[in-house]
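Written below as structure tokens is the structure these notes are about.
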Amino acid sequence: MPDKVEQKATPVEKKARITGTDTDTGQTQALGINPWYLSDEFTDSYRKAFTDKHLDPPMFSIKQGEEPMSGEGMIISSPFHTGKLRSILPNAFLLGLKQELSELNWHERLNDLYWFHQTDDLALNGKKHIKMLRDYLSGEEFVGFMEKITGTELVRGYLDLAAQRYKKGNHLLCHDDDVHRGKMTRKIAYIIYLVDEEWSEEDGGALGLFDSDENRYPTKVVSHIVPEFNSIGFFLTGMVSYHTVEEVTVADHKRERWSVTGWFYGPATEDNTTEENALQILPSSVLPQVSPLEHLVDTKDDQAQWAKWINPEYLKAAVRVQIQDTFMEQSSVELRNFLHPKAFQSILNCLSQEFWHSASLKGPAHLRSYLEKESLASDTDISELAGFLRSDSFGRFLASVTSLQLVGASQQVRRFNKGHYTLIHDQALEPAGLDVALSLMPPVPKDDPHAEWDESWGGATHYIADKDELLRISPDSNSLSLVLRDEGTLRFV
């Protein structure tokens, strides 16, 4: 692959070089960004646009030329100023860098927020291309360049640097990168894209930028930056710099979203403060609203209620003893085909697209994203089932299979579509208790190749303590899961 055509350097352009030593040959090597980016023509125009809080039009672009390898600087002003520079480094250098990265140890990173593969911190890596990139990005030349085009004060010699590979299905959910280290804070997040040159929007992995409401809560993605080989994306971090790496959707599993990412640091300011009163406080509505169990029938009438809704197999005394033994030993149990077949079919008939049409999307996006049906028509089977599940009668059934005496409950009717999730948040920790989840997916014929849920589809409920995963429950058809979640055990979807 040919490198970009070298341009004739002006005095200012000649600054765009640093040197490194090839440890194999001892020869001095040079690395520098596209010299045009250091010209006054570019830096003055770009800084003026990037620091303009009312940029009009909201998309800014300045081009070096019309040739395929020419530089181009772009700015997206909404929801927050985000920059992208094309043809920033020599192609040949980036290909050498990618080869060195492929030789490193990669670690799978998986939790409620993300799923991708990452190298160790590259701060001490001695490979030629990696060291040259690190030295250049953290040196006066490039740090001064980033200061000049963003109008942001940065420190020298202090840089976070690591590489990531996002495979099919990998993602990074909504977050803001607002992290402090003593008197310093992350000021600029950057992404150097190393994807193949055919990467397109259809392959996924775009950087999605969230808008925020009046309370500074993220709402929805309103702008995207699609990965492009030999480009760098960057933005100022802060309490509203919410963004995501959208799910990689490549058809070919061998293709991956490669990048080198990190942060430049600077002194904390009013825009990046550590004061507690500046932190966002989540609304109380994100926490479970616990109410006493509703009285439905007297104890003597429980059997009739149970028989209406519950598979008769689970009403047998011997079976309930077996369930209780399993629950006592494992603190969890799954009851397949839980609802009576007739009742389950009537519920499926209720759960049409029309039923979910009036459901609301629950947020804020840095905590959760799913549909919730908050109001159920009183004369429907689904409303009657929901009433049964929060009743004292159902509480007595649960007591018979768990030995737990239940006095209150919270309830949600939720739907998770592609891209929906929940996240763990310090301000929204659920109280300890018994998690009762009735999965109402439509049944799939056993001879269907998708009869069994594929974990790569996501949608599972994960239970963790510290960094250890204790339990994973995949979606199923007509399945009731019971999990005793004590203090210190967290869950996410």
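By order in the structure tokens, chains are A, B, ...; within a chain, residues start at 1; ligands start at 1, following the order shown.
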Segment 246-259 of chain A: which residues within 6 Å, counting only C-alpha atoms, same-chain residues fewer than 3 positions away excluded, as a compact mmCIF listing (two decimals) with N, CA and C atoms, in the first residue's frame?
```
# COMPACT_ATOMS: atom_id res chain seq x y z
N ALA A 163 -4.51 -0.20 23.11
CA ALA A 163 -5.14 -0.58 21.84
C ALA A 163 -6.34 -1.48 22.12
N GLN A 164 -7.36 -1.37 21.27
CA GLN A 164 -8.56 -2.19 21.41
C GLN A 164 -8.91 -2.85 20.08
N ARG A 165 -9.50 -4.02 20.21
CA ARG A 165 -10.08 -4.72 19.05
C ARG A 165 -11.52 -5.05 19.42
N TYR A 166 -12.44 -4.58 18.63
CA TYR A 166 -13.86 -4.89 18.81
C TYR A 166 -14.25 -5.92 17.76
N LYS A 167 -14.59 -7.11 18.23
CA LYS A 167 -15.04 -8.16 17.33
C LYS A 167 -16.55 -8.06 17.15
N LYS A 168 -17.09 -8.90 16.30
CA LYS A 168 -18.53 -8.88 16.03
C LYS A 168 -19.30 -9.02 17.35
N GLY A 169 -20.22 -8.09 17.60
CA GLY A 169 -21.01 -8.09 18.82
C GLY A 169 -20.42 -7.26 19.95
N ASN A 170 -19.13 -6.89 19.84
CA ASN A 170 -18.50 -6.09 20.90
C ASN A 170 -19.03 -4.66 20.89
N HIS A 171 -18.91 -3.99 22.05
CA HIS A 171 -19.51 -2.66 22.21
C HIS A 171 -18.95 -1.98 23.45
N ILE A 192 -7.43 6.76 17.56
CA ILE A 192 -6.75 6.61 16.28
C ILE A 192 -7.25 5.31 15.66
N TYR A 193 -7.93 5.41 14.53
CA TYR A 193 -8.57 4.24 13.94
C TYR A 193 -7.60 3.46 13.05
N LEU A 194 -7.58 2.14 13.26
CA LEU A 194 -6.74 1.24 12.49
C LEU A 194 -7.57 0.18 11.78
N VAL A 195 -8.83 0.50 11.50
CA VAL A 195 -9.70 -0.45 10.80
C VAL A 195 -9.22 -0.65 9.36
N ASP A 203 -20.80 -1.66 9.00
CA ASP A 203 -19.99 -2.57 9.82
C ASP A 203 -20.10 -2.28 11.31
N GLY A 204 -20.78 -1.19 11.67
CA GLY A 204 -20.96 -0.84 13.08
C GLY A 204 -19.70 -0.24 13.68
N GLY A 205 -19.69 -0.17 15.02
CA GLY A 205 -18.52 0.34 15.72
C GLY A 205 -18.36 1.85 15.67
N ALA A 206 -19.41 2.57 15.25
CA ALA A 206 -19.30 4.03 15.18
C ALA A 206 -19.23 4.62 16.58
```
From A:Arg156, A:Lys128, A:Lys300, A:Lys220, residue lying nearest Leu173 of chain A [only C-alpha atoms]: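 So, comparing all the options, the nearest one is A:Lys220.
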Secondary structure check, strand (DSSP E) residues of segment 194-403 of chain A, as an MDAnalysis selection string: chainID A and resid 207:212 218:225 231:236 243:245 257:267 291:292 332:336 360:362 368:372
Nearest candidate to Leu209 of chain A (options A:His81, A:Lys308, A:Lys98, A:Lys183; using only C-alpha atoms): A:His81
Residues within 9 Å of Pro218 of chain A, only C-alpha atoms, excluding chain neighbours under 5 positions, as a list in words: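 Close residues of Pro218 of chain A: Cys174, His175, Phe210, Asp211, Ser212, Asp213, Val240, Ser241, Tyr242, His243, Gly363, Pro364, Ala365 and His366 of chain A.
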Two-atom distance - atom CA of Ala49 of chain A, atom CA of Leu161 of chain A (Å):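 These atoms are spaced 27.3 Å apart.
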From A:Asp112, A:Glu334, A:Glu329, A:Cys350, residue lying nearest Glu469 of chain A [only C-alpha atoms]: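 Nearest candidate to Glu469 of chain A out of A:Asp112, A:Glu334, A:Glu329, A:Cys350: A:Asp112.
Excluding Gly65 of chain A itself and same-chain residues fewer than 6 positions from it, the residues having an atom within 12 Å of it are A:Gln7, A:Trp36, A:Gly71, A:Glu72, A:Gly73, A:Arg86, A:Ser87, counting only C-alpha atoms.
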Polymer residues at most 12 Å from Gln405 of chain A, only C-alpha atoms, same-chain spacing of 4 or more positions, as a VMD selection string: chain A and resid 293 392 to 401 409 433 to 434
Gly408 of chain A environment, 7 Å, only C-alpha atoms, sequence neighbours closer than 6 positions dropped, as a list in words: Val290, Ser291, Pro292 and Leu293 of chain A
